[in-house]
Number of protein chains: 2
Amino acid sequence: MKISPSKVLLLAGVMLSAMSMSSARADDATARSQPMGANWVSPTGGYSNQRYSTLDQITAANAGKLQVAWTFSTGVLRGHEGSPLVIDNVMYLVTPFPNNVFALDLNNNGKILWKYEPKQDPNVIPVMCCDTVNRGVAYSDGKIFLHQADTTLVALDAKTGKVDWSVKTDDPAKGATGTSAPMVIGDKVYVGVSGGEFGVRGWVAAYSTTDGKQVWRAYSMGPDSDILVDPQKTTDLGKPVGKDSSLASWQGDQWKIGGGDTWGWMSYDPKLNLMYYGSGNPSTWNPTQRPGDNKYSMTIWARDPDTGMAKWVYQMTPHDQWDYDGVNEMILSDQDIDGATVPTLVHFDRNGFGYTLNRDTGALLVAQKYDPVVNWATKINMDKSSKDYGRPEVVAQYAPGSKGTDVNYTNICPAALGTKDEQPAAYSPDTKLFYVPTNHVCMDYEPFRVSYTAGQPYVGATLSMYPPKGQTNMGNFIAWDATKGKIVWSIPEQFSVWSGALATKGGVVFYGTLEGYLKAVDAKTGKELYSFKTPSGIIGNVMTYEHDGKQYVAVLSGVGGWAGIGLAAGLTDPHAGLGAVGGYAALSQYTNLGGQLTVFALPQS
Amino acid sequence: MKISPSKVLLLAGVMLSAMSMSSARADDATARSQPMGANWVSPTGGYSNQRYSTLDQITAANAGKLQVAWTFSTGVLRGHEGSPLVIDNVMYLVTPFPNNVFALDLNNNGKILWKYEPKQDPNVIPVMCCDTVNRGVAYSDGKIFLHQADTTLVALDAKTGKVDWSVKTDDPAKGATGTSAPMVIGDKVYVGVSGGEFGVRGWVAAYSTTDGKQVWRAYSMGPDSDILVDPQKTTDLGKPVGKDSSLASWQGDQWKIGGGDTWGWMSYDPKLNLMYYGSGNPSTWNPTQRPGDNKYSMTIWARDPDTGMAKWVYQMTPHDQWDYDGVNEMILSDQDIDGATVPTLVHFDRNGFGYTLNRDTGALLVAQKYDPVVNWATKINMDKSSKDYGRPEVVAQYAPGSKGTDVNYTNICPAALGTKDEQPAAYSPDTKLFYVPTNHVCMDYEPFRVSYTAGQPYVGATLSMYPPKGQTNMGNFIAWDATKGKIVWSIPEQFSVWSGALATKGGVVFYGTLEGYLKAVDAKTGKELYSFKTPSGIIGNVMTYEHDGKQYVAVLSGVGGWAGIGLAAGLTDPHAGLGAVGGYAALSQYTNLGGQLTVFALPQS
């Protein structure tokens with residue numbers, strides 16, 4: 001299972017998703033609108049993507065006594081991103097390709113209630129840029145929704161695992177794949193697509209939860225009618241975007257294979273009835289081949305989930321030269337900024353900047369580096385009177401393509417996989433801090449000319465990755481104040497922290513490491529409270545649930561993803577995996593392929 | 001990865017091994033001659049195969065507080081038989097095919113010191129009857145010895161994992177495979193072969209540990225010069241075997257494809273300088289095609305490890321009609337029998353009888369059923385004056401072939417996989433009890449005519465397996481008094497107990513279950529003290545070691561083997577896996593493919 005030959009390497013991926021509020025809001029939707037409690041009803045820990053739980057049995061005082069309560073092997077190796085759901089004492093989880101889904105009976109020692117084992121063409125594997133991952137299923141009203149690798153969106157009966165309906169959303173023969181978790185709002189299920197390394201034009205689409213019929217589809221680039229923007233009403237930093245604003249930012253019809261894929265986490269504000277997601281890198285990676293801002297790659301989107309129409313957009317990295325996908329999650333909370341309580345959207349971008357926006361208006365409030373080594377841009381222009389307002393101030397030395405192709409641009413920070421990739425951050429309304437798993441990695445990047453062939457890699461760059469000069473840690477787990485754009489504390493880790501974080505009312509924050517440690521730290525201070533070595537490297541997201549009155553914490557192990565692609569796919573060329581294979585070579589001394597769930601609890605008292 | 005089509009099913013396997021004492025006895029040999037302590041130096045828990053440890057920190061009083069200390073994913077799925085070794089703070093373990101070997105540094109959180117990843121032709125997989133298992137590596141004098149699936153015997157440098165030498169022992173193209181653990185005595189390493197379902201003629205061979213040169217090879221059947229018996233000096237229940245005793249028990253040259261494979265555990269008595277092992281089923285399974293006693297299939301062997309010459313033999317199941325392989329381990333201890341202390345060999349055979357012999361003379365002392373449902377024979381004839389002395393008194397109704405082929409013989413107990421298969425028992429010199437993981441399974445068996453083609457299944461039987469009538473448990477974990485041939489206590493288990501047992505000086509006995517539970521029970525009473533659900537079904541053997549002054553207990557999870565072949569190989573025809581697929585179908589509700597090490601310890605006090 002090779003990902004790609006030495007030069008034309010893939011990785012990084014791109015995918016996001018969209019969503020819509022609807023007239024029919026079920027109780028499920030209410031549950032998703034609140035912090036998680038006994039159940040963990042959505043892969044993002046609720047519509048807000050806060051990944052915060054009100055469970056508080058596990059505290060900073062007792063977390064040191066945690067034990068492994070039970071375990072489960074998924075029966076599949078390679079990268080396990082995402083997390084299980086727990087709904088009314090049943091746990092649902094999905095494996096990497098072939099995307100088997102399990103329902104486990106928590107009332108009966110995890111007995112397997114049903115298995116769904118799709119038959120997928122393994123030819124989809126070579127077009128999965130960043131391992132054979134799947135980031136989770138969604139649940140609503142008795143149905144489990146899964147976006148398979150082969151872009152089949154399927155609705156399963158949550159009681160039996162039987163297929164209710166299925167629909168094909170895109171074409172793997174062109175490099176399109178499904179890796180991200182769907183989101184459900186009312187009677188619609190929303191999903192995006194991966195394929196930024198194959199020139200797949202990204203989209204988010206809404207399907208009827210009843211029968212799988214498509215309700216709307218919004219592309220990331222193209223004519224206004226394709227991307228569902230209103231030239232007058234859709235705004236960009238407060239101003240109307242104008243007619244065919246995307247087309248104007250591309251040369252010719254390059255937008256048709258322009259990327260901007262949509263493979264990240266989606267969030268939703270029921271009050272504003274707006275859904276949020278980000279779009280990924282423009283295709284090809286080689287920036288010299290696609291002049292222009294390449295709108296709306298690298299963009300935060302706010303859409304009406306009923307119609308798909310965009311309310312506002314904000315392109316973080318115009319004319320991306322680094323593969324700084326904008327797909328990372330949007331975390332919704334209220335923050336006190338300059339004395340006022342603002343409905344904010346906080347986003348830790350691959351490009352190394354932590355953004356705070358007003359999620360109603362799309363106004364940019366804060367944009368600061370969340371890793372001091374970030375050097376490709378000095379800052380984000382915050383001068384509202386400037387024509388470059390909101391744009392990064394790029395440093396040419398660290399901007400591949402600025403001196404042409406076939407030039408090796410060195411010591412660029414962060415590396416292409418960003419200061420953070422898909423691994424989601426968490427937010428605690430108690431501490432008002434964001435807990436962010438980060439990569440602390442720089443790169444050399446040499447663009448080269450590539451031509452487009454459907455279904456073939458369309459990257460055009462050779463990369464090397466390594467820790468920042470003079471440093472050995474390739475990751476940090478940080479606490480972030482989004483009102484000021486400041487790091488509050490930071491825990492160095494030997495490798496990138498490629499696991500999603502969990503914040504709890506108990507004052508304990510959890511994350512996993514690529515070597516396989518599940519760690520619990522004090523939410524206020526970052527002090528380590530507990531550490532346990534799970535069977536394999538953790539790239540899954542920590543979640544918590546309650547069963548029989550007791551709090552449990554669960555995480556998937558299974559090294560892989562972009563950082564672990566060398567191990568996962570058995571690659572050895574250091575440039576393979578877009579430089580990750582060489583960058584993370586030492587990981588093979590610490591862990592091994594796996595696919596296991598580990599569940600923790602306090603001992604019987 | 002199919003095992004075989006519906007009718008010509010394989011499974012059961014056959015393999016054993018031999019061994020030799022030698023002039024150069026290293027300290028390693030001394031360690032293997034004693035009960036295990038801080039180290040676990042051989043896969044059988046020492047030459048005696050007692051699987052007993054002198055570690056006593058974990059006791060009946062505190063075992064209930066055990067916790068998972070750390071875990072490790074092997075990176076390979078399917079059946080994980082065997083156990084790790086621990087030698088001087090380094091853990092060595094081997095995976096199922098492709099037989100990767102890992103050295104883990106216990107002083108450094110299990111960091112991977114080295115990996116050995118052999119390149120084996122996957123065409124060996126279809127000729128592995130009973131899953132892609134490997135039962136462990138052996139260690140001696142700085143070398144790790146591995147018998148690979150493709151019958152390559154390899155010596156690795158224990159410090160670096162580099163290949164010191166390798167030698168081919170047999171031919172997988174004819175169905176010969178390596179699955180069992182080697183044994184080392186002095187300067188020789190002993191190994192046997194699997195392939196009873198392919199007509200492979202079994203052998204045990206001694207190789208020089210220095211350079212891999214073969215020292216001797218003893219077949220299970222054939223002329224005296226092939227099988228290394230002396231017509232006058234080698235005895236069978238006290239009498240000389242006579243000239244070409246094996247040839248005389250076969251029709252024509254059927255012995256050349258006659259099975260008697262040697263894939264079980266080996267043991268060794270340094271004082272007597274005798275090594276012990278059992279030979280497996282005669283080929284083909286269909287008994288009507290091979291008249292005669294089929295010597296020396298189904299036989300306990302005592303050999304001089306220096307020369308290979310047999311001192312004595314005892315054929316337990318002449319003319320096997322059930323696939324009751326005789327390969328199970330020989331456990332060496334001293335027992336008080338009729339007022340005298342006897343150097344005994346205790347053996348729990350697949351045929352459902354627990355045998356106690358004088359291991360010096362080969363005299364038969366006790367032979368009793370260790371599961372009351374055994375019905376194929378009423379008893380073993382213990383009348384020394386009878387011509388049938390030592391033979392089972394067979395019940396024709398339950399003897400396939402007695403009424404010809406193409407007849408379905410029903411309700412035979414035990415099933416072909418025996419009252420116990422390779423899963424090794426343990427013995428505690430403290431309680432004087434043997435702890436035996438058992439199968440509690442019966443079968444229907446229909447023999448049919450089959451012709452021999454090299455490398456093709458040579459079975460000729462269709463089987464169904466199920467629990468004994470009116471019962472639901474398919475296994476028991478029992479304590480056995482080998483002086484009387486009596487069950488002392490018995491713990492019913494839903495599925496066969498296919499994990500090896502561990503006895504400890506702490507008075508705690510450990511075993512695993514097919515659903516994946518690691519259980520600790522009181523050695524005296526069988527009372528359950530602790531239970532933990534590991535990621536996958538356990539068919540590995542529990543072991544214990546000490547690190548930094550603390551006792552640890554470890555076991556491999558990874559469902560498979562014969563009982564779990566349906567899950568392991570993805571088979572669904574109930575007759576596949578020689579009836580195991582249907583017999584153990586319910587297992588898929590409880591567990592899933594895996595490959596993980598789970599290590600347990602008491603909490604910090």
# chains A, B, ... in the order shown; residues from 1 in each chain; ligands from 1
$ interface_residues --of "chain B" --to "chain A" --cutoff "8 Å" --atoms "only C-alpha atoms" --output "PyMOL selection string"
chain B and resi 67-77+110-114+532-536+588-597
$ write_last_selection --atoms "C-alpha atoms" --output "CSV table (one decimal), in the first residue's frame"
chain,number,residue,atom,x,y,z
B,67,GLN,CA,-4.2,-2.8,36.6
B,68,VAL,CA,-3.1,-2.5,33.0
B,69,ALA,CA,0.5,-1.2,33.2
B,70,TRP,CA,1.3,-0.8,29.5
B,71,THR,CA,0.3,-2.1,26.1
B,72,PHE,CA,1.9,-2.7,22.7
B,73,SER,CA,0.4,-3.3,19.3
B,74,THR,CA,2.3,-5.9,17.3
B,75,GLY,CA,1.2,-4.4,14.0
B,76,VAL,CA,-0.2,-7.7,12.8
B,77,LEU,CA,-3.7,-9.1,13.0
B,110,GLY,CA,9.1,-0.4,25.9
B,111,LYS,CA,11.1,1.4,23.2
B,112,ILE,CA,11.7,-0.7,20.2
B,113,LEU,CA,15.4,-1.7,20.2
B,114,TRP,CA,15.1,-3.6,17.0
B,532,PHE,CA,-10.1,-7.6,32.3
B,533,LYS,CA,-11.3,-7.4,28.8
B,534,THR,CA,-8.2,-7.1,26.5
B,535,PRO,CA,-8.6,-5.8,22.9
B,536,SER,CA,-9.1,-9.1,21.2
B,588,SER,CA,-17.8,-12.7,16.4
B,589,GLN,CA,-20.3,-11.1,18.8
B,590,TYR,CA,-17.7,-10.7,21.4
B,591,THR,CA,-14.4,-9.9,19.8
B,592,ASN,CA,-12.6,-8.9,16.8
B,593,LEU,CA,-9.2,-9.4,15.0
B,594,GLY,CA,-6.3,-8.0,16.9
B,595,GLY,CA,-2.7,-8.2,17.8
B,596,GLN,CA,-1.8,-6.6,21.1
B,597,LEU,CA,0.3,-7.2,24.2
$ residues_around --residues "Tyr427 (chain A)" --least-positions-apart "5" --cutoff "6 Å" --atoms "only C-alpha atoms" --output "VMD selection string"
chain A and resid 50 433 to 434
$ select_by_dssp --residues "region 196-435 of chain B" --states "strand (DSSP E or B)" --output "ChimeraX atom specification"
/B:203-208,214-219,235-236,239-240,259,262,267-269,274-278,282,299-303,310-315,330-337,340-348,353-358,364-369,377-380,392-394,401,404,409-412,426-428,433-435
$ residues_around --residues "Ala416 (chain A)" --least-positions-apart "4" --cutoff "8 Å" --atoms "only C-alpha atoms" --output "NGL selection string"
:A and (12 or 322-324 or 350 or 443)
$ select_by_dssp --residues "region 68-251 of chain A" --states "helix (DSSP H, G or I)" --output "list in words"
Leu106, Asn107, Asn108, Pro122, Asn123, Val124, Ile125, Pro126, Val127, Pro172, Ala173, Lys174, Asp224, Ser225, Asp226, Ile227, Leu247, Ala248 and Ser249 of chain A
$ closest_residue --among "A:Gly579, A:Tyr409, A:Pro318, A:Pro437" --to "Pro392 (chain A)" --atoms "only C-alpha atoms"
A:Pro318
$ atom_distance --atom1 "CA of Asn62 (chain B)" --atom2 "CA of Ser48 (chain B)"
28.1 Å
$ atom_distance --atom1 "CA of Thr419 (chain A)" --atom2 "CA of Gly507 (chain A)"
25.5 Å
$ atom_distance --atom1 "CA of Leu106 (chain A)" --atom2 "CA of Lys159 (chain A)"
13.9 Å
$ residues_around --residues "Ala377 (chain B)" --least-positions-apart "5" --cutoff "12 Å" --atoms "only C-alpha atoms" --output "list in words"
Met316, Thr317, Asp320, Gln321, Trp322, Asn351, Gly352, Phe353, Ala367, Gln368, Lys369, Pro372, Arg391, Pro392, Glu393, Val394, Val395, Ala396, Gln397, Tyr398, Ala399, Ile412, Cys413 and Pro414 of chain B
$ residues_around --residues "Ala218 (chain B)" --least-positions-apart "6" --cutoff "6 Å" --atoms "only C-alpha atoms" --output "PyMOL selection string"
chain B and resi 203-204+226-228
$ closest_residue --among "A:Ser464, A:Ser83, A:Gln57, A:Thr483" --to "Ala554 (chain A)" --atoms "only C-alpha atoms"
A:Ser83
$ residues_around --residues "Thr54 (chain B)" --least-positions-apart "6" --cutoff "10 Å" --atoms "only C-alpha atoms" --output "list in words"
Gln34, Pro35, Met36, Gly37, Ala38, Ser428, Ala503, Thr504, Lys505, Gly506, Gly507, Thr544 and Tyr545 of chain B
$ write_last_selection --atoms "N, CA and C atoms" --output "PDB file, in the first residue's frame"
ATOM      1  N   GLN B  34      15.268 -24.335  35.735  1.00  0.00           N
ATOM      2  CA  GLN B  34      14.625 -23.957  36.994  1.00  0.00           C
ATOM      3  C   GLN B  34      13.280 -23.291  36.716  1.00  0.00           C
ATOM      4  N   PRO B  35      12.481 -23.139  37.781  1.00  0.00           N
ATOM      5  CA  PRO B  35      11.251 -22.368  37.590  1.00  0.00           C
ATOM      6  C   PRO B  35      11.605 -20.956  37.153  1.00  0.00           C
ATOM      7  N   MET B  36      10.699 -20.311  36.461  1.00  0.00           N
ATOM      8  CA  MET B  36      10.947 -18.954  35.999  1.00  0.00           C
ATOM      9  C   MET B  36      10.947 -17.993  37.186  1.00  0.00           C
ATOM     10  N   GLY B  37      11.768 -16.922  37.061  1.00  0.00           N
ATOM     11  CA  GLY B  37      11.807 -15.896  38.093  1.00  0.00           C
ATOM     12  C   GLY B  37      11.656 -14.528  37.452  1.00  0.00           C
ATOM     13  N   ALA B  38      12.653 -13.649  37.645  1.00  0.00           N
ATOM     14  CA  ALA B  38      12.578 -12.305  37.056  1.00  0.00           C
ATOM     15  C   ALA B  38      12.494 -12.383  35.534  1.00  0.00           C
ATOM     16  N   SER B 428       1.709 -26.148  39.350  1.00  0.00           N
ATOM     17  CA  SER B 428       2.275 -25.499  40.535  1.00  0.00           C
ATOM     18  C   SER B 428       2.799 -26.547  41.502  1.00  0.00           C
ATOM     19  N   ALA B 503       1.035 -20.504  36.304  1.00  0.00           N
ATOM     20  CA  ALA B 503       0.915 -20.703  37.754  1.00  0.00           C
ATOM     21  C   ALA B 503       2.026 -19.920  38.439  1.00  0.00           C
ATOM     22  N   THR B 504       1.735 -19.363  39.619  1.00  0.00           N
ATOM     23  CA  THR B 504       2.740 -18.554  40.310  1.00  0.00           C
ATOM     24  C   THR B 504       2.822 -18.934  41.783  1.00  0.00           C
ATOM     25  N   LYS B 505       3.982 -18.642  42.332  1.00  0.00           N
ATOM     26  CA  LYS B 505       4.215 -18.884  43.759  1.00  0.00           C
ATOM     27  C   LYS B 505       3.301 -18.019  44.618  1.00  0.00           C
ATOM     28  N   GLY B 506       2.800 -16.931  44.017  1.00  0.00           N
ATOM     29  CA  GLY B 506       1.856 -16.084  44.740  1.00  0.00           C
ATOM     30  C   GLY B 506       0.507 -16.745  44.973  1.00  0.00           C
ATOM     31  N   GLY B 507       0.343 -17.961  44.454  1.00  0.00           N
ATOM     32  CA  GLY B 507      -0.922 -18.653  44.646  1.00  0.00           C
ATOM     33  C   GLY B 507      -2.008 -18.208  43.688  1.00  0.00           C
ATOM     34  N   THR B 544       4.869 -14.146  33.130  1.00  0.00           N
ATOM     35  CA  THR B 544       5.136 -13.132  34.143  1.00  0.00           C
ATOM     36  C   THR B 544       6.628 -12.847  34.196  1.00  0.00           C
ATOM     37  N   TYR B 545       6.975 -11.632  34.593  1.00  0.00           N
ATOM     38  CA  TYR B 545       8.380 -11.260  34.726  1.00  0.00           C
ATOM     39  C   TYR B 545       8.484 -10.172  35.783  1.00  0.00           C
TER      40      TYR B 545
END
$ decode --residues "region 242-257 of chain B" --atoms "N, CA, C and O atoms" --output "compact mmCIF listing (two decimals), in the first residue's frame"
# COMPACT_ATOMS: atom_id res chain seq x y z
N GLY B 242 11.11 -53.60 18.48
CA GLY B 242 11.34 -54.56 17.39
C GLY B 242 11.67 -53.85 16.09
O GLY B 242 11.53 -52.63 15.96
N LYS B 243 12.11 -54.65 15.10
CA LYS B 243 12.63 -54.09 13.85
C LYS B 243 11.52 -53.46 12.99
O LYS B 243 10.46 -54.06 12.80
N ASP B 244 11.79 -52.27 12.51
CA ASP B 244 10.89 -51.55 11.61
C ASP B 244 9.44 -51.59 12.07
O ASP B 244 8.51 -51.90 11.30
N SER B 245 9.28 -51.27 13.34
CA SER B 245 7.95 -51.31 13.95
C SER B 245 7.01 -50.29 13.31
O SER B 245 5.80 -50.49 13.27
N SER B 246 7.53 -49.20 12.82
CA SER B 246 6.67 -48.21 12.15
C SER B 246 6.20 -48.73 10.80
O SER B 246 5.01 -48.77 10.52
N LEU B 247 7.15 -49.19 9.99
CA LEU B 247 6.79 -49.68 8.64
C LEU B 247 5.71 -50.74 8.71
O LEU B 247 4.80 -50.77 7.87
N ALA B 248 5.81 -51.60 9.73
CA ALA B 248 4.87 -52.71 9.85
C ALA B 248 3.45 -52.25 10.14
O ALA B 248 2.50 -53.02 10.01
N SER B 249 3.30 -50.99 10.55
CA SER B 249 1.97 -50.51 10.95
C SER B 249 1.29 -49.70 9.85
O SER B 249 0.29 -49.04 10.08
N TRP B 250 1.87 -49.72 8.66
CA TRP B 250 1.34 -48.98 7.52
C TRP B 250 1.12 -49.90 6.34
O TRP B 250 1.81 -50.90 6.18
N GLN B 251 0.20 -49.54 5.48
CA GLN B 251 0.00 -50.26 4.23
C GLN B 251 0.93 -49.64 3.19
O GLN B 251 0.89 -48.42 2.95
N GLY B 252 1.77 -50.51 2.59
CA GLY B 252 2.66 -50.06 1.51
C GLY B 252 3.52 -48.90 1.96
O GLY B 252 4.06 -48.91 3.07
N ASP B 253 3.64 -47.90 1.09
CA ASP B 253 4.49 -46.76 1.44
C ASP B 253 3.67 -45.53 1.83
O ASP B 253 4.13 -44.40 1.67
N GLN B 254 2.50 -45.78 2.36
CA GLN B 254 1.67 -44.67 2.84
C GLN B 254 2.40 -43.84 3.90
O GLN B 254 2.09 -42.65 4.09
N TRP B 255 3.33 -44.44 4.61
CA TRP B 255 4.07 -43.72 5.65
C TRP B 255 4.82 -42.51 5.10
O TRP B 255 5.12 -41.56 5.84
N LYS B 256 5.10 -42.57 3.80
CA LYS B 256 5.87 -41.46 3.22
C LYS B 256 5.08 -40.14 3.23
O LYS B 256 5.66 -39.06 3.18
N ILE B 257 3.75 -40.29 3.23
CA ILE B 257 2.89 -39.10 3.33
C ILE B 257 1.99 -39.25 4.55
O ILE B 257 0.82 -38.86 4.54
